>>> print(open('upload_29.txt').read())   # compact mmCIF, C-alpha atoms and all ligand atoms
# COMPACT_ATOMS: atom_id res chain seq x y z
CA MET C 1 -104.14 -14.37 -10.81
CA ALA C 2 -100.87 -12.56 -10.29
CA GLN C 3 -99.30 -10.84 -7.35
CA VAL C 4 -99.06 -7.35 -8.66
CA VAL C 5 -98.37 -4.45 -6.37
CA PRO C 6 -99.99 -1.16 -7.31
CA ALA C 7 -97.43 1.63 -7.20
CA GLU C 8 -97.97 5.39 -7.67
CA GLY C 9 -101.04 6.35 -9.66
CA ASP C 10 -102.27 2.74 -9.53
CA MET C 11 -99.38 1.75 -11.72
CA ARG C 12 -98.87 -2.00 -11.67
CA ARG C 13 -95.44 -3.22 -10.67
CA VAL C 14 -93.87 -6.62 -9.91
CA ILE C 15 -90.10 -6.10 -9.64
CA GLY C 16 -88.92 -4.56 -6.37
CA ASP C 17 -85.72 -2.68 -5.71
CA GLY C 18 -83.91 -5.30 -3.66
CA GLU C 19 -84.35 -3.16 -0.55
CA ALA C 20 -87.51 -1.58 0.90
CA GLN C 21 -89.71 -2.47 -2.03
CA PRO C 22 -90.29 -6.24 -2.14
CA ASP C 23 -90.26 -8.32 -5.29
CA GLY C 24 -93.56 -9.71 -6.51
CA GLU C 25 -94.08 -12.72 -8.67
CA VAL C 26 -96.16 -13.50 -11.74
CA GLU C 27 -98.04 -16.76 -11.61
CA GLY C 28 -97.52 -19.15 -14.49
CA LEU C 29 -94.02 -18.03 -15.52
CA THR C 30 -91.40 -20.77 -15.39
CA ASP C 31 -87.69 -20.16 -14.83
CA GLN C 32 -87.28 -20.78 -18.54
CA ASP C 33 -89.84 -18.05 -19.32
CA LEU C 34 -88.00 -15.64 -17.04
CA LEU C 35 -84.73 -16.28 -18.85
CA GLU C 36 -86.39 -16.07 -22.25
CA LEU C 37 -87.65 -12.62 -21.31
CA TYR C 38 -84.11 -11.65 -20.34
CA ARG C 39 -82.70 -13.00 -23.61
CA ALA C 40 -85.30 -11.02 -25.58
CA MET C 41 -84.45 -7.81 -23.71
CA VAL C 42 -80.72 -8.30 -24.28
CA LEU C 43 -81.29 -8.92 -27.99
CA LEU C 44 -83.34 -5.72 -28.28
CA ARG C 45 -80.87 -3.69 -26.22
CA THR C 46 -77.95 -4.94 -28.29
CA TYR C 47 -79.84 -4.27 -31.52
CA ASP C 48 -80.52 -0.73 -30.35
CA GLU C 49 -77.03 0.11 -29.09
CA ARG C 50 -75.35 -1.32 -32.18
CA SER C 51 -77.77 0.53 -34.45
CA VAL C 52 -76.75 3.88 -32.96
CA VAL C 53 -73.12 2.99 -33.67
CA TYR C 54 -73.96 1.84 -37.22
CA HIS C 55 -75.77 5.12 -37.78
CA ARG C 56 -72.73 7.11 -36.61
CA GLN C 57 -70.56 5.03 -38.93
CA GLY C 58 -72.86 5.92 -41.82
CA ARG C 59 -74.02 2.33 -42.26
CA ILE C 60 -77.74 2.90 -41.55
CA GLY C 61 -79.86 6.04 -41.97
CA THR C 62 -81.70 8.03 -39.30
CA TYR C 63 -82.66 5.63 -36.55
CA ALA C 64 -85.38 5.81 -33.84
CA ILE C 65 -83.65 4.78 -30.62
CA PHE C 66 -85.61 2.55 -28.23
CA TRP C 67 -83.09 2.30 -25.40
CA GLY C 68 -85.13 1.83 -22.18
CA HIS C 69 -88.21 0.60 -24.07
CA GLU C 70 -87.11 -3.06 -24.13
CA ALA C 71 -89.23 -4.14 -21.14
CA MET C 72 -92.38 -2.82 -22.82
CA GLN C 73 -91.60 -4.63 -26.04
CA ALA C 74 -90.30 -7.94 -24.67
CA GLY C 75 -92.85 -8.11 -21.85
CA SER C 76 -95.88 -7.54 -24.09
CA PHE C 77 -94.47 -9.79 -26.82
CA HIS C 78 -94.14 -12.67 -24.38
CA ALA C 79 -97.91 -12.56 -23.78
CA LEU C 80 -98.64 -13.21 -27.48
CA ASP C 81 -99.03 -16.43 -29.42
CA ARG C 82 -97.67 -16.93 -32.91
CA GLU C 83 -101.16 -16.40 -34.41
CA ASP C 84 -101.38 -12.88 -32.89
CA TRP C 85 -100.41 -10.01 -35.15
CA ILE C 86 -98.12 -7.14 -34.22
CA PHE C 87 -98.56 -3.61 -35.59
CA PRO C 88 -95.38 -1.73 -34.67
CA SER C 89 -94.49 1.95 -34.84
CA TYR C 90 -90.92 3.01 -35.72
CA ARG C 91 -90.15 2.71 -31.96
CA GLU C 92 -90.74 -1.07 -32.14
CA SER C 93 -88.85 -1.47 -35.44
CA ALA C 94 -86.95 -4.53 -34.22
CA ILE C 95 -89.78 -6.34 -32.43
CA GLY C 96 -89.86 -8.85 -35.33
CA LEU C 97 -86.49 -10.18 -34.09
CA LEU C 98 -88.44 -11.77 -31.24
CA ARG C 99 -90.38 -13.74 -33.88
CA GLY C 100 -87.22 -14.89 -35.60
CA MET C 101 -86.89 -12.12 -38.16
CA PRO C 102 -83.18 -11.84 -39.00
CA PRO C 103 -81.46 -8.62 -37.87
CA GLU C 104 -80.35 -7.93 -41.47
CA THR C 105 -83.99 -7.49 -42.50
CA VAL C 106 -84.58 -4.71 -39.99
CA LEU C 107 -81.15 -3.21 -40.64
CA ALA C 108 -81.97 -3.25 -44.38
CA TRP C 109 -85.17 -1.32 -43.58
CA TRP C 110 -83.12 1.36 -41.81
CA ARG C 111 -80.73 1.36 -44.78
CA GLY C 112 -83.67 2.10 -47.07
CA HIS C 113 -83.10 -1.20 -48.87
CA PRO C 114 -86.11 -3.13 -50.22
CA ALA C 115 -84.86 -6.29 -48.49
CA GLY C 116 -86.22 -4.56 -45.39
CA TRP C 117 -89.78 -4.78 -46.70
CA TRP C 118 -90.63 -8.09 -45.13
CA ASP C 119 -93.84 -9.95 -45.93
CA PRO C 120 -96.10 -9.30 -42.90
CA ARG C 121 -97.66 -12.76 -43.29
CA GLU C 122 -94.31 -14.43 -42.79
CA TYR C 123 -93.93 -13.16 -39.23
CA GLY C 124 -97.35 -11.83 -38.26
CA VAL C 125 -95.67 -8.46 -38.02
CA ALA C 126 -97.15 -5.59 -40.05
CA SER C 127 -94.98 -2.96 -41.71
CA ILE C 128 -93.41 -0.35 -39.46
CA ALA C 129 -95.73 2.67 -39.19
CA VAL C 130 -93.88 5.97 -39.27
CA PRO C 131 -96.98 8.20 -39.49
CA ILE C 132 -98.24 8.62 -35.95
CA ALA C 133 -101.26 6.42 -35.00
CA THR C 134 -102.31 5.55 -38.56
CA HIS C 135 -101.74 1.87 -37.82
CA VAL C 136 -104.19 1.85 -34.90
CA PRO C 137 -107.25 1.57 -37.20
CA HIS C 138 -105.31 -0.97 -39.30
CA ALA C 139 -104.76 -3.18 -36.26
CA VAL C 140 -108.36 -2.77 -35.15
CA GLY C 141 -109.75 -3.60 -38.60
CA PHE C 142 -107.42 -6.56 -38.87
CA ALA C 143 -108.52 -7.87 -35.47
CA TRP C 144 -112.18 -7.36 -36.31
CA GLY C 145 -111.59 -9.25 -39.56
CA LYS C 146 -110.11 -12.16 -37.62
CA LYS C 147 -113.22 -12.21 -35.46
CA LEU C 148 -115.55 -12.13 -38.48
CA ARG C 149 -113.68 -15.06 -40.00
CA GLY C 150 -113.95 -17.00 -36.77
CA GLU C 151 -110.15 -17.16 -36.43
CA ASN C 152 -108.33 -17.31 -33.16
CA GLY C 153 -105.83 -14.71 -32.14
CA CYS C 154 -105.72 -11.01 -31.68
CA ALA C 155 -103.74 -7.97 -32.75
CA ILE C 156 -101.59 -5.58 -30.75
CA ALA C 157 -100.84 -2.03 -31.87
CA TYR C 158 -97.89 -0.14 -30.36
CA PHE C 159 -97.92 3.64 -30.33
CA GLY C 160 -96.67 6.51 -28.22
CA ASP C 161 -98.15 9.06 -25.83
CA GLY C 162 -98.23 11.63 -28.64
CA ALA C 163 -100.32 9.28 -30.75
CA THR C 164 -103.20 9.60 -28.29
CA SER C 165 -103.77 13.13 -29.63
CA GLU C 166 -104.23 11.89 -33.19
CA GLY C 167 -107.64 11.36 -34.78
CA ALA C 168 -106.65 7.90 -35.98
CA PHE C 169 -106.11 6.75 -32.39
CA HIS C 170 -109.60 7.89 -31.33
CA GLU C 171 -111.28 6.43 -34.39
CA GLY C 172 -109.49 3.13 -33.92
CA ALA C 173 -110.19 2.93 -30.19
CA ASN C 174 -113.87 3.74 -30.59
CA PHE C 175 -114.33 1.30 -33.42
CA ALA C 176 -112.47 -1.43 -31.51
CA ALA C 177 -114.78 -1.07 -28.52
CA VAL C 178 -117.99 -0.86 -30.55
CA MET C 179 -117.04 -3.95 -32.58
CA ARG C 180 -115.47 -5.74 -29.61
CA ALA C 181 -112.43 -6.28 -31.78
CA PRO C 182 -109.84 -8.63 -30.26
CA VAL C 183 -107.10 -6.02 -30.05
CA VAL C 184 -104.67 -4.67 -27.48
CA LEU C 185 -103.88 -0.97 -27.73
CA PHE C 186 -100.43 -0.65 -26.23
CA CYS C 187 -99.36 2.91 -25.50
CA ASN C 188 -95.69 3.46 -24.74
CA ASN C 189 -95.89 6.61 -22.63
CA ASN C 190 -92.25 7.67 -22.62
CA GLY C 191 -93.10 11.20 -21.56
CA TRP C 192 -92.26 12.87 -24.87
CA ALA C 193 -93.44 13.30 -28.42
CA ILE C 194 -90.06 14.47 -29.73
CA SER C 195 -89.81 17.73 -27.68
CA THR C 196 -93.46 17.93 -26.56
CA PRO C 197 -93.95 16.66 -22.99
CA VAL C 198 -97.07 14.72 -22.03
CA SER C 199 -98.14 17.71 -19.89
CA ALA C 200 -98.51 19.74 -23.11
CA GLN C 201 -100.21 16.84 -24.88
CA THR C 202 -103.27 16.36 -22.69
CA ARG C 203 -105.07 17.60 -19.57
CA ALA C 204 -106.03 14.02 -18.69
CA ALA C 205 -104.43 12.74 -15.48
CA THR C 206 -103.47 9.48 -17.17
CA LEU C 207 -103.61 8.16 -20.72
CA ALA C 208 -105.12 4.89 -19.47
CA GLY C 209 -108.03 6.97 -18.18
CA LYS C 210 -109.00 7.78 -21.76
CA ALA C 211 -110.21 4.19 -22.12
CA ALA C 212 -113.35 5.01 -20.11
CA GLY C 213 -114.56 7.26 -22.89
CA TYR C 214 -114.64 4.32 -25.28
CA GLY C 215 -116.03 1.82 -22.80
CA MET C 216 -112.96 -0.36 -22.54
CA PRO C 217 -110.65 -1.09 -19.61
CA GLY C 218 -107.56 1.06 -19.23
CA VAL C 219 -104.56 -0.34 -17.40
CA ARG C 220 -101.53 1.58 -16.16
CA VAL C 221 -98.31 -0.30 -15.75
CA ASP C 222 -94.68 0.49 -14.98
CA GLY C 223 -93.13 0.27 -18.45
CA GLY C 224 -89.70 -0.38 -16.94
CA ASP C 225 -90.95 -3.55 -15.27
CA VAL C 226 -90.96 -6.37 -17.81
CA LEU C 227 -93.00 -8.68 -15.59
CA ALA C 228 -95.73 -6.14 -14.89
CA VAL C 229 -95.94 -5.39 -18.62
CA PHE C 230 -96.20 -9.11 -19.37
CA GLU C 231 -98.93 -9.64 -16.79
CA ALA C 232 -100.99 -6.66 -17.99
CA THR C 233 -100.70 -7.74 -21.63
CA ARG C 234 -101.53 -11.36 -20.82
CA ALA C 235 -104.78 -10.21 -19.17
CA ALA C 236 -105.61 -7.98 -22.16
CA VAL C 237 -104.92 -10.81 -24.61
CA ALA C 238 -107.11 -13.18 -22.58
CA ARG C 239 -109.92 -10.61 -22.68
CA ALA C 240 -109.54 -10.25 -26.45
CA ARG C 241 -109.58 -14.03 -26.96
CA ALA C 242 -112.64 -14.40 -24.75
CA GLY C 243 -114.57 -12.07 -27.08
CA GLU C 244 -114.66 -9.26 -24.52
CA GLY C 245 -113.01 -6.71 -26.79
CA PRO C 246 -110.09 -4.30 -26.58
CA THR C 247 -107.96 -3.04 -23.70
CA LEU C 248 -105.86 0.10 -23.55
CA ILE C 249 -102.55 -0.40 -21.78
CA GLU C 250 -100.53 2.63 -20.79
CA ALA C 251 -96.96 1.60 -20.03
CA VAL C 252 -95.16 4.45 -18.31
CA THR C 253 -91.44 5.16 -18.75
CA TYR C 254 -89.26 8.16 -19.37
CA ARG C 255 -87.40 8.49 -22.63
CA CYS C 256 -83.75 8.76 -21.69
CA ALA C 257 -82.26 8.71 -25.16
CA PRO C 258 -82.81 11.18 -27.99
CA HIS C 259 -86.05 10.76 -29.96
CA ALA C 260 -83.94 9.58 -32.88
CA THR C 261 -80.39 9.94 -34.14
CA ALA C 262 -81.48 13.21 -35.79
CA ASP C 263 -82.58 14.77 -32.46
CA ASP C 264 -80.58 16.84 -29.96
CA PRO C 265 -82.61 16.66 -26.72
CA SER C 266 -80.22 18.90 -24.76
CA ALA C 267 -82.40 21.83 -25.84
CA TYR C 268 -85.45 20.58 -23.94
CA ILE C 269 -84.73 17.58 -21.71
CA ASP C 270 -84.16 17.52 -17.95
CA ALA C 271 -80.64 16.11 -17.72
CA GLU C 272 -80.89 15.20 -14.01
CA ARG C 273 -84.08 13.24 -14.58
CA VAL C 274 -82.46 11.41 -17.49
CA GLU C 275 -79.52 10.46 -15.30
CA ALA C 276 -81.83 9.12 -12.58
CA GLU C 277 -83.91 7.17 -15.09
CA ARG C 278 -80.85 5.67 -16.74
CA ALA C 279 -79.67 4.40 -13.35
CA ASN C 280 -82.98 2.55 -12.98
CA GLU C 281 -83.33 1.36 -16.58
CA CYS C 282 -85.35 -1.74 -17.34
CA LEU C 283 -82.69 -4.26 -18.33
CA GLY C 284 -80.51 -3.62 -15.29
CA ARG C 285 -83.58 -3.75 -13.08
CA TYR C 286 -84.57 -7.14 -14.47
CA GLU C 287 -81.04 -8.48 -14.36
CA ARG C 288 -80.78 -7.62 -10.66
CA TYR C 289 -84.16 -9.30 -10.06
CA LEU C 290 -83.00 -12.52 -11.76
CA ARG C 291 -79.76 -12.44 -9.80
CA ARG C 292 -81.75 -12.10 -6.54
CA LEU C 293 -83.72 -15.19 -7.60
CA GLY C 294 -80.45 -17.02 -8.29
CA LEU C 295 -81.42 -17.59 -11.94
CA LEU C 296 -78.69 -15.50 -13.50
CA GLY C 297 -74.94 -15.26 -12.97
CA ASP C 298 -71.99 -13.63 -14.71
CA ASP C 299 -71.42 -16.55 -17.10
CA LEU C 300 -74.96 -16.52 -18.43
CA VAL C 301 -74.98 -12.72 -18.70
CA GLU C 302 -71.83 -12.93 -20.77
CA SER C 303 -72.97 -15.75 -23.05
CA ILE C 304 -76.41 -14.22 -23.72
CA GLY C 305 -74.82 -10.83 -24.41
CA GLY C 306 -72.20 -12.45 -26.66
CA GLU C 307 -74.85 -14.26 -28.73
CA ALA C 308 -76.74 -11.01 -29.29
CA LYS C 309 -73.58 -9.14 -30.34
CA GLU C 310 -72.69 -11.93 -32.75
CA ALA C 311 -76.20 -11.84 -34.26
CA MET C 312 -75.77 -8.12 -34.88
CA ARG C 313 -72.29 -8.51 -36.39
CA ALA C 314 -73.67 -11.10 -38.79
CA GLY C 315 -76.76 -8.96 -39.41
CA ILE C 316 -74.92 -5.82 -40.47
CA ALA C 317 -72.52 -7.85 -42.63
CA ALA C 318 -75.46 -9.50 -44.41
CA ALA C 319 -77.28 -6.18 -44.83
CA GLU C 320 -74.18 -4.59 -46.34
CA ALA C 321 -73.66 -7.54 -48.67
CA LEU C 322 -77.10 -7.11 -50.28
CA PRO C 323 -76.99 -6.16 -53.95
CA GLU C 324 -77.76 -2.58 -54.93
CA PRO C 325 -81.53 -2.24 -55.23
CA ASP C 326 -83.26 -1.59 -58.54
CA PRO C 327 -84.20 2.15 -58.55
CA ASP C 328 -87.43 1.26 -60.41
CA LEU C 329 -88.74 -0.29 -57.19
CA VAL C 330 -89.46 3.22 -55.88
CA THR C 331 -92.39 3.56 -58.27
CA ARG C 332 -93.20 -0.06 -59.14
CA ASN C 333 -96.06 -0.49 -56.68
CA ALA C 334 -97.09 3.16 -56.66
CA TYR C 335 -98.43 3.59 -60.20
CA ALA C 336 -100.67 1.49 -62.43
CA GLU C 337 -99.08 0.49 -65.70
C1 LIG A 401 -99.11 11.92 -38.63
C2 LIG A 401 -97.76 12.36 -38.20
N1 LIG A 401 -97.58 13.60 -37.70
C3 LIG A 401 -96.35 14.02 -37.30
C4 LIG A 401 -95.27 13.19 -37.42
C5 LIG A 401 -93.90 13.66 -36.97
N2 LIG A 401 -93.50 12.94 -35.75
C6 LIG A 401 -92.62 11.93 -35.80
S1 LIG A 401 -92.35 11.25 -34.31
C7 LIG A 401 -93.43 12.30 -33.55
C8 LIG A 401 -93.66 12.21 -32.07
C9 LIG A 401 -94.45 11.02 -31.64
O1 LIG A 401 -94.45 10.88 -30.27
P1 LIG A 401 -95.09 9.66 -29.52
O2 LIG A 401 -96.40 9.32 -30.14
O3 LIG A 401 -95.08 9.96 -28.08
O4 LIG A 401 -94.10 8.44 -29.87
P2 LIG A 401 -92.57 8.24 -29.43
O5 LIG A 401 -91.76 8.77 -30.56
O6 LIG A 401 -92.33 8.99 -28.17
O7 LIG A 401 -92.41 6.76 -29.26
C10 LIG A 401 -93.97 13.18 -34.47
C11 LIG A 401 -94.93 14.25 -34.15
C12 LIG A 401 -95.49 11.91 -37.96
N3 LIG A 401 -94.49 11.03 -38.06
N4 LIG A 401 -96.73 11.51 -38.33
MG MG A 402 -93.64 9.43 -26.65
>>> encode(input="upload_29.txt", output="structure tokens")
Amino acid sequence: MAQVVPAEGDMRRVIGDGEAQPDGEVEGLTDQDLLELYRAMVLLRTYDERSVVYHRQGRIGTYAIFWGHEAMQAGSFHALDREDWIFPSYRESAIGLLRGMPPETVLAWWRGHPAGWWDPREYGVASIAVPIATHVPHAVGFAWGKKLRGENGCAIAYFGDGATSEGAFHEGANFAAVMRAPVVLFCNNNGWAISTPVSAQTRAATLAGKAAGYGMPGVRVDGGDVLAVFEATRAAVARARAGEGPTLIEAVTYRCAPHATADDPSAYIDAERVEAERANECLGRYERYLRRLGLLGDDLVESIGGEAKEAMRAGIAAAEALPEPDPDLVTRNAYAE
């Protein structure tokens, strides 16, 4: 189907380095698709970088940074149809933007304003899960429900490497396989669960390898390669739609930003590794690829970047213009009256 080059540890990769490592190609993607992927990554990157600034300015609360995770989010998103449901963790807080959710909604969520509680049905995007892995069984049950109702479409759950140590992940994965639920389990392996490295999380050689224990395929992909992520997710979605059940995707990156604005990683991170990873970050890698193809030049880079910045300026202004919330909302849906 696609020309995908296995890299280290059977990790799928498409984008080369412009030198010794040749570029691959993913069948079925038009030039317009390739640029749409770029636009999505720029929107996410801009959202993320502006959010860190807004946090420092006291305009949003604690924020989970996803700098360097954009290829995983945009690449997998591009493999979905509108009828497919997304179950994000806090790391994918802004993935709804790719479905047309306005930035002010997500910014309102990070401001603790009820305008940030979007209706999941409106976008096919479930609420952001902050508890680790608890949304995996939700996504699996939702997908199984779709199957029982004879509906098309699947669900995708995003979670981290640390989540694979949680009971909810195992329960969800097992149930998904047994029920052949049309679900994609997308693990963002960024190397860290706050300060706990993957090496202290598991003795397994890879997280994708865990899939064997549930009887589902496990795929390992370079999480910094948006095209490889797309291709792997497209295959998993096709499997789900064909009634063949779930797939576990392990997308491998290295977290090169703090866990969140409340974290100081200098106490535990390898600064040299971070520097090397930042030099090879996903958006720059994809931009260079598109330039090699002749699809992207300075003008387009500037106009796409400008649009994203403008969307964020408007988004924070709209979020700040929201009326003060009613304090009663804190308990309104928590207690019976
Ligand atoms: C059930 C639960 N336990 C503990 C926490 C505290 N906590 C917040 S983030 C985090 C690390 C999660 O790491 P990982 O799953 O790798 O996701 P990442 O943040 O790297 O995307 C932990 C333990 C939590 N939110 N929920
Ligand atoms: Mg992690």
>>> residues_near_point(input="upload_29.txt", point="(-83.4, -7.8, -26.5)", cutoff="9 Å", atoms="only C-alpha atoms", output="list in words")
Leu37, Tyr38, Arg39, Ala40, Met41, Val42, Leu43, Leu44, Arg45, Thr46, Tyr47, Asp48, Glu70, Ala71, Gln73, Ala74, Ile95, Leu97, Leu98, Leu283 and Ala308 of chain C
>>> residues_near_point(input="upload_29.txt", point="(-82.5, -8.8, -40.1)", cutoff="12 Å", atoms="all atoms listed in the file", output="JSON, numbers by chain")
{"C": [47, 51, 93, 94, 95, 96, 97, 98, 99, 100, 101, 102, 103, 104, 105, 106, 107, 108, 109, 110, 111, 113, 115, 116, 117, 118, 311, 312, 313, 314, 315, 316, 317, 318, 319, 320, 322]}
>>> atom_distance(input="upload_29.txt", atom1="atom CA of Glu171 of chain C", atom2="atom CA of Val140 of chain C")
9.7 Å
>>> residues_near_ligand(input="upload_29.txt", ligand="ligand LIG 401 (chain A)", cutoff="10 Å", atoms="only C-alpha atoms and all ligand atoms", output="number ranges by chain")
C: 64-66, 69, 89-92, 129-134, 158-168, 187-198, 201, 254-255, 258-260
>>> closest_residue(input="upload_29.txt", among="C:Pro217, C:Ser76, C:Tyr289, C:Pro88", to="Gln21 of chain C", atoms="all atoms listed in the file")
C:Tyr289
>>> closest_residue(input="upload_29.txt", among="C:Cys282, C:Ala235, C:Leu296, C:Cys256", to="Gly16 of chain C", atoms="only C-alpha atoms")
C:Cys282
>>> atom_distance(input="upload_29.txt", atom1="atom CA of Ala228 of chain C", atom2="atom CA of Asp17 of chain C")
14.0 Å
>>> closest_residue(input="upload_29.txt", among="C:Tyr123, C:Tyr335, C:Phe186, C:Phe230", to="Val14 of chain C", atoms="all atoms listed in the file")
C:Phe230
>>> closest_residue(input="upload_29.txt", among="C:Ala208, C:Ala279, C:Leu35, C:Ile60", to="Thr261 of chain C", atoms="only C-alpha atoms")
C:Ile60
>>> residues_around(input="upload_29.txt", residues="Ile86 of chain C", least_positions_apart="5", cutoff="6 Å", atoms="only C-alpha atoms", output="list of chain:residue names")
C:Val125, C:Ala155, C:Ile156
>>> atom_distance(input="upload_29.txt", atom1="atom CA of Glu231 of chain C", atom2="atom CA of Thr202 of chain C")
27.0 Å
>>> closest_residue(input="upload_29.txt", among="C:Ser127, C:Thr206, C:Thr253, C:Thr62", to="ligand MG 402 (chain A)", atoms="all atoms listed in the file")
C:Thr253
>>> closest_residue(input="upload_29.txt", among="C:Ile304, C:Ala257, C:Ala177, C:Leu293", to="ligand MG 402 (chain A)", atoms="only C-alpha atoms and all ligand atoms")
C:Ala257
>>> residues_around(input="upload_29.txt", residues="Pro137 of chain C", least_positions_apart="2", cutoff="10 Å", atoms="all atoms listed in the file", output="JSON, numbers by chain")
{"C": [133, 134, 135, 139, 140, 141, 142, 143, 157, 168, 169, 170, 171, 172, 173, 174, 175, 176]}
>>> build_atoms(input="upload_29.txt", residues="segment 244-259 of chain C", atoms="N, CA, C and O atoms", output="PDB file, in the coordinates of the input")
ATOM      1  N   GLU C 244    -114.229 -10.396 -25.342  1.00  0.00           N
ATOM      2  CA  GLU C 244    -114.660  -9.260 -24.520  1.00  0.00           C
ATOM      3  C   GLU C 244    -114.175  -7.912 -25.068  1.00  0.00           C
ATOM      4  O   GLU C 244    -114.469  -6.868 -24.498  1.00  0.00           O
ATOM      5  N   GLY C 245    -113.392  -7.964 -26.136  1.00  0.00           N
ATOM      6  CA  GLY C 245    -113.010  -6.710 -26.790  1.00  0.00           C
ATOM      7  C   GLY C 245    -111.654  -6.161 -26.392  1.00  0.00           C
ATOM      8  O   GLY C 245    -110.827  -6.855 -25.796  1.00  0.00           O
ATOM      9  N   PRO C 246    -111.428  -4.895 -26.717  1.00  0.00           N
ATOM     10  CA  PRO C 246    -110.090  -4.300 -26.580  1.00  0.00           C
ATOM     11  C   PRO C 246    -109.754  -3.849 -25.158  1.00  0.00           C
ATOM     12  O   PRO C 246    -110.636  -3.696 -24.313  1.00  0.00           O
ATOM     13  N   THR C 247    -108.474  -3.623 -24.946  1.00  0.00           N
ATOM     14  CA  THR C 247    -107.960  -3.040 -23.700  1.00  0.00           C
ATOM     15  C   THR C 247    -106.928  -1.991 -24.092  1.00  0.00           C
ATOM     16  O   THR C 247    -106.158  -2.209 -25.026  1.00  0.00           O
ATOM     17  N   LEU C 248    -106.923  -0.895 -23.366  1.00  0.00           N
ATOM     18  CA  LEU C 248    -105.860   0.100 -23.550  1.00  0.00           C
ATOM     19  C   LEU C 248    -104.857  -0.065 -22.421  1.00  0.00           C
ATOM     20  O   LEU C 248    -105.223   0.004 -21.243  1.00  0.00           O
ATOM     21  N   ILE C 249    -103.618  -0.307 -22.792  1.00  0.00           N
ATOM     22  CA  ILE C 249    -102.550  -0.400 -21.780  1.00  0.00           C
ATOM     23  C   ILE C 249    -101.679   0.840 -21.915  1.00  0.00           C
ATOM     24  O   ILE C 249    -101.224   1.162 -23.011  1.00  0.00           O
ATOM     25  N   GLU C 250    -101.480   1.516 -20.809  1.00  0.00           N
ATOM     26  CA  GLU C 250    -100.530   2.630 -20.790  1.00  0.00           C
ATOM     27  C   GLU C 250     -99.309   2.183 -20.003  1.00  0.00           C
ATOM     28  O   GLU C 250     -99.390   1.958 -18.801  1.00  0.00           O
ATOM     29  N   ALA C 251     -98.207   1.994 -20.685  1.00  0.00           N
ATOM     30  CA  ALA C 251     -96.960   1.600 -20.030  1.00  0.00           C
ATOM     31  C   ALA C 251     -96.115   2.851 -19.851  1.00  0.00           C
ATOM     32  O   ALA C 251     -95.788   3.526 -20.827  1.00  0.00           O
ATOM     33  N   VAL C 252     -95.793   3.162 -18.608  1.00  0.00           N
ATOM     34  CA  VAL C 252     -95.160   4.450 -18.310  1.00  0.00           C
ATOM     35  C   VAL C 252     -93.644   4.300 -18.134  1.00  0.00           C
ATOM     36  O   VAL C 252     -93.177   3.483 -17.334  1.00  0.00           O
ATOM     37  N   THR C 253     -92.906   5.076 -18.914  1.00  0.00           N
ATOM     38  CA  THR C 253     -91.440   5.160 -18.750  1.00  0.00           C
ATOM     39  C   THR C 253     -91.039   6.610 -18.907  1.00  0.00           C
ATOM     40  O   THR C 253     -91.871   7.497 -18.926  1.00  0.00           O
ATOM     41  N   TYR C 254     -89.761   6.821 -19.076  1.00  0.00           N
ATOM     42  CA  TYR C 254     -89.260   8.160 -19.370  1.00  0.00           C
ATOM     43  C   TYR C 254     -88.189   7.994 -20.420  1.00  0.00           C
ATOM     44  O   TYR C 254     -87.252   7.212 -20.226  1.00  0.00           O
ATOM     45  N   ARG C 255     -88.365   8.651 -21.538  1.00  0.00           N
ATOM     46  CA  ARG C 255     -87.400   8.490 -22.630  1.00  0.00           C
ATOM     47  C   ARG C 255     -86.055   9.051 -22.215  1.00  0.00           C
ATOM     48  O   ARG C 255     -85.946  10.251 -21.955  1.00  0.00           O
ATOM     49  N   CYS C 256     -85.046   8.206 -22.114  1.00  0.00           N
ATOM     50  CA  CYS C 256     -83.750   8.760 -21.690  1.00  0.00           C
ATOM     51  C   CYS C 256     -82.699   8.653 -22.772  1.00  0.00           C
ATOM     52  O   CYS C 256     -81.506   8.669 -22.505  1.00  0.00           O
ATOM     53  N   ALA C 257     -83.158   8.598 -24.002  1.00  0.00           N
ATOM     54  CA  ALA C 257     -82.260   8.710 -25.160  1.00  0.00           C
ATOM     55  C   ALA C 257     -82.897   9.758 -26.066  1.00  0.00           C
ATOM     56  O   ALA C 257     -84.061  10.113 -25.876  1.00  0.00           O
ATOM     57  N   PRO C 258     -82.162  10.255 -27.046  1.00  0.00           N
ATOM     58  CA  PRO C 258     -82.810  11.180 -27.990  1.00  0.00           C
ATOM     59  C   PRO C 258     -83.988  10.500 -28.690  1.00  0.00           C
ATOM     60  O   PRO C 258     -84.050   9.277 -28.768  1.00  0.00           O
ATOM     61  N   HIS C 259     -84.916  11.303 -29.203  1.00  0.00           N
ATOM     62  CA  HIS C 259     -86.050  10.760 -29.960  1.00  0.00           C
ATOM     63  C   HIS C 259     -85.556   9.862 -31.088  1.00  0.00           C
ATOM     64  O   HIS C 259     -86.095   8.786 -31.322  1.00  0.00           O
TER      65      HIS C 259
END
